[in-house]
Amino acid sequence: MIIEFGHFALILALLVAAAQTIIPAWGAAKRDPRLMAFGEPAAVSQVVLILIAFLALMYAYVVSDFSVANVAANSHSSKPLIYRISGVWGNHEGSMLLWVLILAIFGAAVALFGNNLPAALRANVLSVQSSIALAFLLFILITSNPFERLDPAPLDGRGLNPILQDPALAFHPPFLYMGYVGFSLAFSFAVAALIEGRTDAAWARWVRPWTLLAWMCLTIGIAMGSWWAYYELGWGGWWFWDPVENASFMPWLAGTALLHSALVMEKREALKVWTILLAILTFSLSLMGTFLVRSGVLSSVHAFAVDPGRGVFVLSIMLLFTGGGLALFAYRARDLAQGGIFSPISREGALVLNNVLLTTGCVTVLVGTLYPLALESLTGAKISVGAPYFNMTFVPLMFPLLLAVPLGPLLAWKRADLAAAMQRLIAAGVLALLVMVIAFAVTERGPWLAPFGFAIGVWVMAGALSETAFRIKLGQAPLSESWRRLTNLPRASVGTTLAHFGVGLMVCGIVGTSAYKSEEILLMRPGETKAIAGYELVFRGAAPSKGPNYTEIVGVFDVTRNGNPVTRLEPAKRIYDAPPQPTSEAGIYASWGGDLYAVLGDQQGDGGFAVRLYFHPLVRFIWIGALIMFFGGAISLSDRRLRVGAPQKRSTRAPIGVPAE
Amino acid sequence: MLLWVCFAILTAAVVALLLRPLRRADTMPVEPAAADLAVYRDQLRELDAERERGLVIESELESARAEVARRLLKRAGDDKVVASSRDDTTSHPRAQRIYLAVVALLPVVAIGLYLVSGSPHLAGHPYAERQAAEEGASSVVALIAKVEERLREHPEDGRGWDVVAPIYLRLGRFADAAHAFAEANRLEGETVKRLLGFAEATLMAENGIVSEAVRRTALRVLELEPQRIEVGVWLALAKEQDGDLAAAAAGYRELLAKAPEKAQWRSAVAERLDLVTKKLNGENPGTAPKPAAPEAAAGNGGPDAAARDAAPDVAAMSPADRDAFIQSMVERLAARLKDNGKDAEGWIRLARAYKVLGRDQDAANALASARENLADDKAALDQIAKAEQSLDQIGKEQSPQ
Amino acid sequence: MTRKQRRGLLIGLGVGVLSIAAVLMMFAFRQSIVFFHTPSDVAEHKIAQGVRFRLGGLVKEGTVARGEGTRVSFSVTDTIGTVPVSYEGILPDLFREGQGVVAEGILGPDGNFVADTVLAKHDETYMPPEVAKALKEKGVELGKSAEHPGETQTQ
């Protein structure tokens with residue numbers, strides 16, 4: 001009964017979304033306050049209804065109700081509870097339901113917290129937001145209804161793809177979707193501004209925190225996905241420039257640009273047109289990400305079973321919103337008022353450079369991802385574009401960006417003194433050069449570019465810190481004064497420093513692991529020893545063992561360094577019970593210097609095992625960097641300044657008893 | 001009934017929520033100018049706060065202040081006009097009409113859509129509840145345990161096998177059921193009932209693949225009782241799975257011709273025939289390969305039960321699917337034999353499957369453990385020896401069907 | 001600086017960076033594109049020796065043989081042509097006879113394809129779209145699940 005209740009709630013949500021799409025926007029056009037006010041209860045009831053549907057599906061998963069087709073196809077009674085829960089979004093139908101749930105949550109946030117927004121803007125935003133929800137609810141109910149039933153119910157489910165049964169991946173989709181969907185709010189605000197032909201002062205102040213939230217979630221979501229791929233797939237790579245990865249990376253790049261341009265728009269009311277265009281493009285890229293992953297048009301190592309029929313539907317949604325948004329932009333962009341003037345050497349100028357480089361980088365990724373598709377439909381030739389392409393195009397574009405990152409926050413708005421800003425970065429520059437020289441001296445192999453890479457990473461990190469040091473007058477004022485200033489620093493600026501520091505750390509990690517990775521693939525018989533990156537690994541043999549829902553062969557490696565025992569690695573080859581599918585579990589020893597990584601391969605005839613050993617220097621920095629970026633965003637988000645004060649209502653009648661809603 | 005009450009409550013709650021703006025007569029929307037001014041005031045306040053903290057360079061701060069103040073003044077000047085444009089007298093009745101239309105349409109359309117896509121008659125089937133229900137039959141379980149123990153001591157007790165076989169079948173322990181039926185047939189003599197039971201259990205245990213044993217059993221049934229024409233479904237299914245679609249179609253047609261008008265399995269056969277004909281004509285049968293025939297008669301309604309859902313269309317599977325499918329079968333069998341090794345036929349089947357999959361070593365191992373497990377069972381040992389000889393030939397066959 | 005000049009500068013910056021990117025992209029495409037071929041393409045001698053490409057098809061049943069160390073050889077077929085492949089390394093978890101596979105490498109002078117990458121998938125019912133499409137074009141019967149793998153889940 002609970003399942004049917006959820007199904008009914010989802011249908012109601014569809015209808016409410018339809019009404020919410022039409023009525024508030026109509027009201028805004030007619031300037032009718034009552035019709036505009038419809039958006040508010042509609043958005044709230046929409047989120048409640050979708051939440052009911054989502055919880056009903058989750059209930060079906062938790063109690064393993066195999067009369068629900070979706071549960072039967074993706075769950076199994078023997079699965080641990082946490083994976084029964086994460087199984088809800090571990091499949092197409094459930095993940096789309098999660099998608100609209102998050103969409104509705106963002107819409108409801110506008111309804112609940114947006115009482116200081118101009119009424120017409122809020123009504124239009126709610127209508128646009130709801131139109132997206134409407135499209136996806138239709139998609140769910142027509143092509144991928146999670147509440148389809150089976151009668152009679154099968155005895156047990158088919159199980160979740162075992163490599164998805166993993167803690168990092170359990171929470172990867174919700175974060176990724178929070179990111180994707182969070183940009184929908186920026187899109188809705190952009191379209192609402194275009195409908196009205198003007199941007200309110202509250203526009204950027206509202207868009208920025210929500211974009212920041214979306215960006216944070218996307219950052220951590222992508223990092224989790226990359227971390228998962230690193231330890232679960234057993235190839236030791238952390239990024240493959242694979243279409244599915246690019247699909248999430250493109251909105252991230254555009255979102256990062258949007259975050260920075262919205263800052264200019266808020267502080268200086270400049271770059272309005274560009275920011276609005278960027279908001280439309282960012283969400284379009286999110287939709288494209290969904291399309292690429294859900295349709296399976298691209299060959300990807302991460303692709304899961306997909307259905308082309310659904311792909312066409314998602315493609316139509318994507319074209320509708322992208323095309324609609326861009327058409328409206330082309331039609332209305334002229335009407336937007338011009339903003340403030342700034343000199344090229346200024347904070348604004350630096351942020352423009354940031355935007356140009358990030359969007360161009362995004363374009364190179366886009367072209368590399370879609371080119372195979374375009375070529376095939378035009379000429380029929382099938383090609384694949386691999387990592388070398390992205391290393392040759394995207395990476396060089398990031399060099400000037402990273403060089404400029406520490407400068408930006410040191411430049412003043414409007415007109416800045418570049419020489420003075422450079423002067424403040426002397427210490428950071430010296431440190432970076434020092435690191436480069438040391439890297440050249442210490443490493444005897446690896447590409448000659450790598451030390452430069454380290455230098456850039458250090459430059460970004462030290463640059464971020466010197467900006468704070470300058471602000472708190474470190475070394476120029478007494479320590480107590482500096483401390484007072486540090487505690488008084490606005491949180492947004494602390495957030496910026498942290499996020500930029502995280503970028504630098506990540507660059508160091510990427511350079512370290514890409515340039516100095518050691519890899520060995522060999523056959524090892526029990527008792528044999530192999531040395532890698534200063535460690536000696538002794539293969540002790542492999543023995544079968546049994547887990548809750550799998551059987552496995554566990555290989556045992558004793559690791560020593562200079563004769564001292566370090567750790568024991570136990571990589572395994574698992575075969576899950578349902579569905580019966582083999583997976584590799586890597587044995588990883590993590591240290592600050594890098595990860596020792598072992599994968600057990602197939603058994604060869606004579607008792608030996610194929611074994612893959614890696615040493616990934618500094619690889620942890622990549623994810624730690626992402627985590628620091630996430631926390632930087634979180635601290636910035638907690639800044640009081642990102643909240644908009646309530647306007648004084650101009651009461652034409654007695655405002656008694658009117659709650660501020 | 002409760003379900004519909006819940007639907008009504010939910011709908012009513014949503015409608016009540018949606019109507020709220022209508023009841024608040026004095027909705028005062030925020031005008032753009034007021035909102036803008038609030039933002040500018042906020043910005044000025046922030047700048048002051050930063051100055052107090054001494055974090056900003058004075059000159060920068062001044063220019064920022066001046067700019068915000070300029071915007072504030074400009075905005076404060078050009079507003080007022082927009083505000084009065086809203087017209088409350090026309091708004092109210094129009095809004096009322098639209099709200100009422102929404103409220104009236106919402107329940108009707110929602111119920112309509114739900115009736116199209118929902119399944120209100122289906123109750124939930126939580127796994128735990130089902131298990132509890134099964135445990136409710138614990139007396140049966142205990143009984144089985146007793147019979148099983150007796151049979152372990154006296155494996156030649158045909159009556160025991162005969163009693164336990166249909167129970168296994170009903171509990172879904174198909175492999176056990178097949179074994180029990182086979183033993184009963186061997187010890188108590190073949191009857192149509194036991195043969196049908198054996199065939200059905202085997203079919204279920206092998207996920208709908210009509211194995212040679214099933215085919216032979218079906219032929220035997222026809223020999224004993226020629227009017228049992230429904231077993232012909234299995235024969236036709238076997239042909240279909242061998243890829244001989246024409247013969248299968250002929251078989252189905254013949255069955256339809258002979259079948260009594262009221263036979264419940266008629267529709268299943270008709271659907272099957274339809275599918276095979278389509279495939280013969282080179283059409284892709286699409287999503288229809290699983291004929292959803294009405295609930296089959298319990299007990300010995302064998303053939304149509306088999307045609308209904310025990311027939312994943314192995315011939316139409318992709319190699320990948322087929323492989324996975326066979327793999328899963330084999331693994332299940334292997335696991336079962338580990339628990340209960342006294343099953344000569346099971347071991348032989350396992351060995352055969354390994355052979356087909358090209359895992360010769362595993363096949364040999366299976367036979368070895370079979371001998372170990374059944375060392376005291378002369379008949380079984382003979383059976384194993386015979387099977388071993390035939391396995392060499394099986395190895396040459398390409399696929400298990 | 002006037003508004004017009006400023007805009008000119010911005011556009012100039014944008015166009016400049018974009019054209020640098022375009023040059024980089026053209027250069028990179030020339031170097032790093034890898035074509036996809038089927039075994040029958042190879043049989044028709046369409047491919048020059050020493051050119052990197054991706055070979056896709058089904059792993060022919062009974063051809064997987066392990067050699068010295070981690071060396072593995074198998075044949076990739078689209079039922080019309082068959083190409084022997086040798087690979088040094090660990091095969092992906094879901095590599096199996098009869099399954100779809102994509103290998104990247106170079107065709108040797110002896111007609112042997114030397115792969116340095118064999119692509120894995122996460123999902124058992126997934127077939128790389130190029131393989132599915134290429135095989136279909138060659139008239140190979142794949143069965144429903146290869147083209148619409150998602151549907152098999154509800155079967």
# chains A, B, ... in the order shown; residues from 1 in each chain; ligands from 1
$ residues_around --residues "Thr117 (chain C)" --least-positions-apart "3" --cutoff "7 Å" --atoms "only C-alpha atoms" --output "ChimeraX atom specification"
/C:103-105
$ residues_around --residues "Arg52 (chain C)" --least-positions-apart "2" --cutoff "12 Å" --atoms "only C-alpha atoms" --output "number ranges by chain"
A: 383-384, 386; C: 31-37, 47-50, 54-55, 103-108, 113-117
$ select_by_dssp --residues "region 27-177 of chain A" --states "helix (DSSP H, G or I)" --output "ChimeraX atom specification"
/A:27-30,33-37,39-62,69-74,81-89,92-116,119-143,162-164,167-177
$ residues_around --residues "region 91-95 of chain A" --least-positions-apart "5" --cutoff "7 Å" --atoms "only C-alpha atoms" --output "count of residues only"
5
$ residues_around --residues "Glu570 (chain A)" --least-positions-apart "3" --cutoff "9 Å" --atoms "only C-alpha atoms" --output "ChimeraX atom specification"
/A:554-558,585-588,598-600
$ residues_around --residues "region 130-135 of chain A" --least-positions-apart "2" --cutoff "7 Å" --atoms "only C-alpha atoms" --output "PyMOL selection string"
chain A and resi 14+17-18+20-21+100+103-104+126-128+137-139+317
$ closest_atom_pairs --of "chain B" --to "chain A" --cutoff "6 Å" --atoms "only C-alpha atoms" --output "tab-separated table"
residue	atom	partner	partner_atom	distance
B:Leu17	CA	A:Pro41	CA	5.9
B:Leu18	CA	A:Pro41	CA	5.3
B:Pro21	CA	A:Ala37	CA	6.0
B:Pro29	CA	A:Ala119	CA	5.2
B:Val30	CA	A:Pro118	CA	4.8
B:Glu31	CA	A:Pro118	CA	5.2
B:Pro32	CA	A:Pro118	CA	4.6
B:Ala34	CA	A:Pro647	CA	5.6
B:Ala35	CA	A:Pro647	CA	5.1
B:Asp36	CA	A:Ala201	CA	5.0
B:Ala38	CA	A:Pro647	CA	4.6
B:Arg86	CA	A:Arg31	CA	5.8
B:Ser91	CA	A:Asp32	CA	5.8
B:Ala95	CA	A:Leu35	CA	5.9
B:Ala110	CA	A:Leu12	CA	5.8
B:Ala123	CA	A:Met1	CA	5.6
B:Gly124	CA	A:Met1	CA	5.8
B:His125	CA	A:Asp65	CA	5.0
B:Pro126	CA	A:Asp65	CA	4.3
B:Tyr127	CA	A:Ser64	CA	5.2
$ closest_residue --among "C:Pro39, C:Gly98, C:Thr77, C:Val85" --to "Gly62 (chain C)" --atoms "only C-alpha atoms"
C:Gly98
$ atom_distance --atom1 "CA of Ala259 (chain B)" --atom2 "CA of Leu195 (chain B)"
20.6 Å
$ closest_residue --among "C:Arg96, C:Lys60, C:Arg3, C:His45" --to "chain A" --atoms "only C-alpha atoms"
C:Arg3
$ residues_around --residues "region 250-263 of chain A" --least-positions-apart "5" --cutoff "7 Å" --atoms "only C-alpha atoms" --output "PDB file with C-alpha atoms, in the first residue's frame"
ATOM      1  CA  ALA A 204      23.483  38.006  -7.942  1.00  0.00           C
ATOM      2  CA  ARG A 208      25.818  33.280  -5.705  1.00  0.00           C
ATOM      3  CA  THR A 211      25.663  28.366  -7.093  1.00  0.00           C
ATOM      4  CA  LEU A 212      28.290  28.034  -4.404  1.00  0.00           C
ATOM      5  CA  TRP A 215      29.571  23.899  -6.854  1.00  0.00           C
ATOM      6  CA  LEU A 218      29.659  18.883  -7.446  1.00  0.00           C
ATOM      7  CA  LEU A 271      29.251  41.376 -16.561  1.00  0.00           C
ATOM      8  CA  THR A 275      26.774  35.956 -16.107  1.00  0.00           C
ATOM      9  CA  LEU A 278      26.905  31.456 -18.177  1.00  0.00           C
ATOM     10  CA  ALA A 279      24.080  30.483 -15.845  1.00  0.00           C
ATOM     11  CA  THR A 282      26.087  25.782 -16.858  1.00  0.00           C
ATOM     12  CA  LEU A 285      25.892  21.304 -19.431  1.00  0.00           C
ATOM     13  CA  SER A 286      24.381  19.645 -16.355  1.00  0.00           C
ATOM     14  CA  LEU A 351      37.946  37.453 -12.894  1.00  0.00           C
ATOM     15  CA  ASN A 354      39.442  33.422 -15.052  1.00  0.00           C
ATOM     16  CA  ASN A 355      36.143  33.183 -16.920  1.00  0.00           C
ATOM     17  CA  LEU A 358      37.678  28.319 -17.654  1.00  0.00           C
ATOM     18  CA  THR A 359      35.061  28.506 -20.382  1.00  0.00           C
ATOM     19  CA  CYS A 362      35.281  23.755 -20.901  1.00  0.00           C
TER      20      CYS A 362
END
$ closest_residue --among "C:Val101, C:Arg7, C:Gly69, C:Asp41" --to "chain A" --atoms "only C-alpha atoms"
C:Gly69
$ select_by_dssp --residues "region 53-82 of chain C" --states "strand (DSSP E)" --output "PyMOL selection string"
chain C and resi 53-59+65-66+71-77+82
$ atom_distance --atom1 "CA of Asn549 (chain A)" --atom2 "CA of Phe171 (chain A)"
20.7 Å
$ atom_distance --atom1 "CA of Asp343 (chain B)" --atom2 "CA of Ala385 (chain B)"
14.3 Å
$ closest_residue --among "C:Val64, C:Ala28, C:Val23, C:Leu9" --to "chain A" --atoms "only C-alpha atoms"
C:Ala28
